[in-house]
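> What follows is a single structure, and I will ask about it in a moment.
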Amino acid sequence: MRTANLFSDGPLPWVIEPEGRRDAGCEALCAWIADQLPALEARLLAHGGLLFRGFTLESPEDFARVSQSFALPLRAYAGGESPRRSVAGRVYTSTEYPSHLEIPLHNEMSYARTWPRKVFFYCQRPPRRDGETPLANSHDVLRSLPEEVVARFRERGVCYLQNLHGGWGLGKSWQAVFETDDRAVVEAFCREEAIEFHWSAEGMVTRARRPALINHPISGEEVWFNQAHLWHVSSRGEKESAALLRVCDERSLPRNALHGDGGLIAASDLAAIRQAYAARQISFPWRQGDVLVLDNVLVAHGRRPFEGEREILVAMA
């Protein structure tokens, strides 16, 4: 294998490529990962991301096998907020937003009580143009934020609010979010995940109160770990957010982010968060067959607008 930093001015991501085309398929890659797993885990902690490039993967099932080589079970997306579909068991499409929209950087499912430690991406088909997955180190983002913003979020946390319909309306239904139409299953899930909820005439209202900062479970390093700027209605852009706020207040939107105490988040704080992500992000063009492994606590990811077909699959562990 050849290994190196992808960029000369930063450690993210660490690239692993086969020396030649021989034995560069799924079987060989899975065996190599299993053999090198302690060293790869150390590299992932040091760099935040590993990019396997130049290997021959032929299907979502191959991608699932590579992901499972990291010795953690893949998890379902139950409770997830983004629109996505299962394509092979616990391998999903990436967020199915229109191609002209940008998805802000975020740590996957940081709104949940239990979140993925690792996120895997597989480029089944690169877009004709753009469509990169920008990355940013969550500790660097924290260091870039004004101290007063960090202090407010450390003290007040984040409340992720959802007004979920029961089959028709704005946003997602509760059946789609929880991957079931059994209310008892939903209620048990919410209790397990410490999500406040009540049933309404329209469907269901949930509130998940979470910290805005956490410590990395291995290194102990404090990181910025929330999706306040992504969930907040302002992430939809000036025109769309204004249209939504003409028919809903901030607490009755399909989804929104508040402070953990129920207070509204200041627009200036959201702007500072977005600026910190913009200052720290890096990106690279996808190549067919790329597999990107991220430490989900240490590294945030997003999506840039694109042209043409784009098939990036996702798994979580």
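Going by the structure tokens order, chains are called A, B, ..., each with residues numbered from 1, while ligands are numbered from 1 in the order shown.
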Which residues are close to stretch 277-292 of chain A, i.e. within 6 Å by only C-alpha atoms, leaving aside same-chain residues fewer than 4 positions away? Reply as a list in words.
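So the residues in contact are Leu50, Leu51, Phe52, Arg53, Leu57, Phe120, Phe121, Tyr122, Cys123, Gln124, Arg125, Pro126, Glu132, Pro134, Leu135, Ala136 and Val141 of chain A.
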> Could you pull the residues within 10 Å of A:Arg143, counting only C-alpha atoms, minus those fewer than 3 positions along the same chain, as an MDAnalysis selection string?
chainID A and resid 138:140 146:147 150 222:224 276
> Can I get the selected residues back with C-alpha atoms, as a short mmCIF file (atom, residue, chain, number, x, y, z; two decimals), in the first residue's frame?

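Output file again25.cif follows:
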```cif
data_model
loop_
_atom_site.label_atom_id
_atom_site.label_comp_id
_atom_site.auth_asym_id
_atom_site.auth_seq_id
_atom_site.Cartn_x
_atom_site.Cartn_y
_atom_site.Cartn_z
CA SER A 138 -14.42 19.72 15.10
CA HIS A 139 -11.75 20.76 17.60
CA ASP A 140 -10.41 23.37 15.16
CA PRO A 146 -15.74 33.52 19.70
CA GLU A 147 -15.43 32.74 23.41
CA VAL A 150 -18.92 28.98 23.10
CA GLU A 222 -13.19 18.84 23.64
CA VAL A 223 -14.96 19.37 20.32
CA TRP A 224 -17.87 21.36 18.88
CA ALA A 276 -15.99 29.03 11.79
#
```
> Using DSSP on the backbone coordinates, identify the residues of stretch 82-269 of chain A assigned to strand (DSSP E or B); present them as a ChimeraX atom specification.
/A:86-88,91-93,103-106,118-125,129-130,135-137,158-165,173,196-199,203-210,213-215,222-224,255-259
> Would you kindly return, as a list in words, each protein, DNA or RNA residue with an atom no farther than 9 Å from any atom of A:Phe153, considering only C-alpha atoms and excluding same-chain residues fewer than 3 positions away?
Glu148, Val149, Val150, Arg156, Gly157, Val158, Pro211, Ala212, Leu213, His259 and Gly260 of chain A
> Run DSSP on the backbone and grab whatever in stretch 177-251 of chain A lands in alpha helix (DSSP H); send it over as a list in words.
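The alpha helix (DSSP H) subset of stretch 177-251 of chain A is Val177, Phe178, Arg183, Ala184, Val185, Val186, Glu187, Ala188, Phe189, Cys190, Arg191, Glu192, Ala228, His229, Leu230, Trp231, Glu238, Lys239, Glu240, Ser241, Ala242, Ala243, Leu244, Leu245, Arg246 and Val247 of chain A.
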> Quick one: residues within 12 Å of A:Glu250, only C-alpha atoms, excluding same-chain residues fewer than 3 positions away - as a PyMOL selection string?
chain A and resi 160-163+231-234+241-242+244-247+253-259+262-265
> Find the residues near A:Ala64: any atom within 10 Å, counting only C-alpha atoms, skip ones fewer than 3 places away on the same chain, and give them as a ChimeraX atom specification.
/A:59-61,67-69,74,88-91,120,122,313-316
> Using the selection just defined, write its residues with C-alpha atoms as a PDB file, in the first residue's frame.

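To be explicit, this is the file written out as selection.pdb:
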```pdb
ATOM      1  CA  SER A  59     -21.589  -3.024  -5.181  1.00  0.00           C
ATOM      2  CA  PRO A  60     -23.162  -1.581  -2.028  1.00  0.00           C
ATOM      3  CA  GLU A  61     -22.646  -5.025  -0.496  1.00  0.00           C
ATOM      4  CA  SER A  67     -17.188  -0.914   6.547  1.00  0.00           C
ATOM      5  CA  GLN A  68     -17.740  -3.966   8.748  1.00  0.00           C
ATOM      6  CA  SER A  69     -14.015  -4.761   8.541  1.00  0.00           C
ATOM      7  CA  LEU A  74     -23.415  -1.098  11.317  1.00  0.00           C
ATOM      8  CA  ALA A  88     -28.528  -2.746   1.018  1.00  0.00           C
ATOM      9  CA  GLY A  89     -29.414  -3.443   4.623  1.00  0.00           C
ATOM     10  CA  ARG A  90     -27.763  -0.715   6.670  1.00  0.00           C
ATOM     11  CA  VAL A  91     -26.155   0.974   3.672  1.00  0.00           C
ATOM     12  CA  PHE A 120     -18.361   5.586   5.975  1.00  0.00           C
ATOM     13  CA  TYR A 122     -18.635   5.175  -0.811  1.00  0.00           C
ATOM     14  CA  LEU A 313     -23.598   5.788  -0.209  1.00  0.00           C
ATOM     15  CA  VAL A 314     -23.326   5.987   3.562  1.00  0.00           C
ATOM     16  CA  ALA A 315     -22.959   3.524   6.430  1.00  0.00           C
ATOM     17  CA  MET A 316     -22.639   4.228  10.142  1.00  0.00           C
TER      18      MET A 316
END
```
> At what distance in Å, to one decimal, does atom CA of A:Arg303 lie from atom CA of A:Val205?
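Separation of atom CA of A:Val205 and atom CA of A:Arg303: 28.1 Å.
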> Using atom CA of A:His301 and atom CA of A:His106 as the two end points, give the distance in Å to one decimal.
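These atoms are spaced 5.4 Å apart.
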> I'd like the neighbourhood of A:Ser82 as a PyMOL selection string, where a residue qualifies if any of its atoms comes within 9 Å (using only C-alpha atoms), though same-chain residues fewer than 4 positions away should be ignored.
chain A and resi 94-97+172+177
> Can you spit out the residues from that selection as a PDB file, in the first residue's frame, using N, CA and C atoms?

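Output file part-v9.pdb follows:
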```
ATOM      1  N   SER A  94     -26.855   8.835   0.539  1.00  0.00           N
ATOM      2  CA  SER A  94     -26.569  10.071   1.261  1.00  0.00           C
ATOM      3  C   SER A  94     -27.820  10.951   1.200  1.00  0.00           C
ATOM      4  N   THR A  95     -27.853  12.010   1.981  1.00  0.00           N
ATOM      5  CA  THR A  95     -29.046  12.839   2.115  1.00  0.00           C
ATOM      6  C   THR A  95     -29.595  13.244   0.755  1.00  0.00           C
ATOM      7  N   GLU A  96     -30.872  12.978   0.547  1.00  0.00           N
ATOM      8  CA  GLU A  96     -31.491  13.194  -0.761  1.00  0.00           C
ATOM      9  C   GLU A  96     -32.128  14.579  -0.839  1.00  0.00           C
ATOM     10  N   TYR A  97     -31.275  15.590  -0.798  1.00  0.00           N
ATOM     11  CA  TYR A  97     -31.713  16.958  -1.030  1.00  0.00           C
ATOM     12  C   TYR A  97     -31.469  17.318  -2.491  1.00  0.00           C
ATOM     13  N   LYS A 172     -40.907  15.777   7.387  1.00  0.00           N
ATOM     14  CA  LYS A 172     -41.013  14.322   7.404  1.00  0.00           C
ATOM     15  C   LYS A 172     -42.144  13.861   8.324  1.00  0.00           C
ATOM     16  N   VAL A 177     -39.334   9.078  10.033  1.00  0.00           N
ATOM     17  CA  VAL A 177     -38.225   9.356  10.948  1.00  0.00           C
ATOM     18  C   VAL A 177     -37.850   8.119  11.751  1.00  0.00           C
TER      19      VAL A 177
END
```
